[in-house]
Amino acid sequence: MPKEKNEIIIELKAVTKRYGFGDAESFALHNFDLTVKRGEFIMIMGPSGCGKTTLLNIIGLLDRPTSGQYLLNDKSVDHISSRKKAQFRANEIGFIFQNFNLIPNLSVIENVSLPLIYSGHHKTRRLKKADEILERFHLREREYYMPYQLSGGQQQRVAIARSLISKPSIILADEPTGNLDSRSSHIIMEELRDIHAQGNTIIMVTHNPSLTTYATRVINMLDGEIDTDIKTVDDSELPRPGSPERISVRILSKKRPVELEVDSKTKVVVSGEHVTIGDSNSIDAVTKPKPKKKLAKKPRKKIKPEKKEP
């Protein structure tokens, strides 16, 4: 049975995370309910100690709740083995941390390829895939640098590349711009916007309210519970997996039409000042010129040479 357009992929029901006992008891999460649909970009905000990071750790299978139920892709993960959880983290969840968490004695390409070890890929295959994704982030010329040779923004882009190498459907980001200046923060957020446009689900913790413009949903937490939950984009407008990336085209010739295939079903044709967007087949029928009929060549008349008078 095919999956629905924006089905629920994460569901938390009355999840509680408790620390300590008796008078020292405290709650990081208290009867927490959350439903996440595929393709959402959720920003989670709130004061320090309100349970934001604990929530990410539980969603990412790095921690388990004291009570409540956690459904991932409509399946309970409360009682699955540690090995199954590790496999799921390796294949379906990408993590981005505030402190980058790059291994200092490994090169950039080795850091990026690291998650593929847990997927059983051969070293040559791992490095090839890491090389490809670093080219996408314009870091190919630095793939044999060590982490200390990069700027903070570059290290975070490496961390994002590492989180994407297994092509996960869910990205969890804990303050990814917390240690960056405003320019580097903008670059990182644009990268995350592009990732989201391809249909990935992103859940991001931040203290910066100006970043909420990138989100489709903003959740404010307080004392381990949801204080406000605001959607900025309708569910019908959320991107689906396999959605094309944003494409920028520069037209250099007005005389010759430019054709651009966005995906297998959609094509864009630019001709002069006219832009046509539609089904590939219908556009082909319009843009492809009809073959010209070949006219039969008339036989050339042979010209007889004139006779010279004696």
# chains A, B, ... in the order shown; residues from 1 in each chain; ligands from 1
>>> select_by_dssp(residues="segment 35-274 of chain A", states="strand (DSSP E)", output="VMD selection string")
chain A and resid 35 to 37 41 to 45 67 to 72 75 to 76 93 to 97 170 to 174 201 to 205 217 to 222 225 to 231 258 to 261 266 to 271 274
>>> residues_around(residues="segment 144-147 of chain A", least_positions_apart="5", cutoff="6 Å", atoms="only C-alpha atoms", output="ChimeraX atom specification")
/A:104,107-108
>>> write_last_selection(atoms="N, CA and C atoms", output="compact mmCIF listing (two decimals), in the first residue's frame")
# COMPACT_ATOMS: atom_id res chain seq x y z
N PRO A 104 39.09 14.71 15.86
CA PRO A 104 40.22 15.59 15.52
C PRO A 104 41.34 14.91 14.76
N SER A 107 40.81 13.00 8.96
CA SER A 107 40.64 14.05 7.96
C SER A 107 39.15 14.31 7.71
N VAL A 108 38.87 15.36 6.95
CA VAL A 108 37.48 15.73 6.66
C VAL A 108 36.76 14.59 5.98
>>> closest_residue(among="A:Glu143, A:Asn31, A:Gly22, A:Lys123", to="Leu106 of chain A", atoms="only C-alpha atoms")
A:Glu143
>>> atom_distance(atom1="atom CA of Asp235 of chain A", atom2="atom CA of Thr16 of chain A")
27.6 Å
>>> residues_around(residues="segment 50-54 of chain A", least_positions_apart="6", cutoff="6 Å", atoms="only C-alpha atoms", output="number ranges by chain")
A: 28-29, 222-224
>>> residues_around(residues="Arg126 of chain A", least_positions_apart="4", cutoff="12 Å", atoms="only C-alpha atoms", output="VMD selection string")
chain A and resid 109 to 122 130 to 133 162 165 to 166
>>> atom_distance(atom1="atom CA of Arg125 of chain A", atom2="atom CA of Val158 of chain A")
18.3 Å
>>> closest_residue(among="A:Val233, A:Leu71, A:Ile103, A:Ile96", to="Ala161 of chain A", atoms="only C-alpha atoms")
A:Ile96
>>> residues_around(residues="segment 192-202 of chain A", least_positions_apart="6", cutoff="9 Å", atoms="only C-alpha atoms", output="compact mmCIF listing (two decimals) with C-alpha atoms, in the first residue's frame")
# COMPACT_ATOMS: atom_id res chain seq x y z
CA VAL A 36 5.48 14.95 13.42
CA LYS A 37 4.53 14.59 9.76
CA ARG A 38 6.94 13.77 6.95
CA GLY A 39 8.42 16.91 5.40
CA GLU A 40 8.02 19.22 8.41
CA PHE A 41 10.76 21.65 9.47
CA ILE A 42 10.16 22.08 13.20
CA MET A 43 11.95 24.66 15.33
CA ILE A 160 26.00 18.37 7.99
CA LEU A 164 23.46 13.24 5.19
CA PRO A 168 18.45 9.69 6.33
CA SER A 169 14.81 10.78 6.23
CA ILE A 170 15.00 12.55 9.62
CA ILE A 171 17.55 15.25 10.57
CA LEU A 172 17.94 16.20 14.25
CA ALA A 173 19.86 19.42 14.84
CA TYR A 214 12.99 28.87 7.96
CA ALA A 215 10.53 26.64 9.85
CA LEU A 238 5.04 20.38 2.81
CA PRO A 239 7.73 18.96 0.49
CA ARG A 240 7.67 15.27 -0.31
CA PRO A 241 10.66 12.92 -0.47
CA GLY A 242 12.25 13.12 -3.89
CA SER A 243 11.17 16.74 -4.40
CA PRO A 244 13.57 18.57 -6.73
CA GLU A 245 16.13 20.96 -5.32
CA ARG A 246 15.88 24.67 -5.98
>>> atom_distance(atom1="atom CA of Tyr70 of chain A", atom2="atom CA of Ile203 of chain A")
15.9 Å
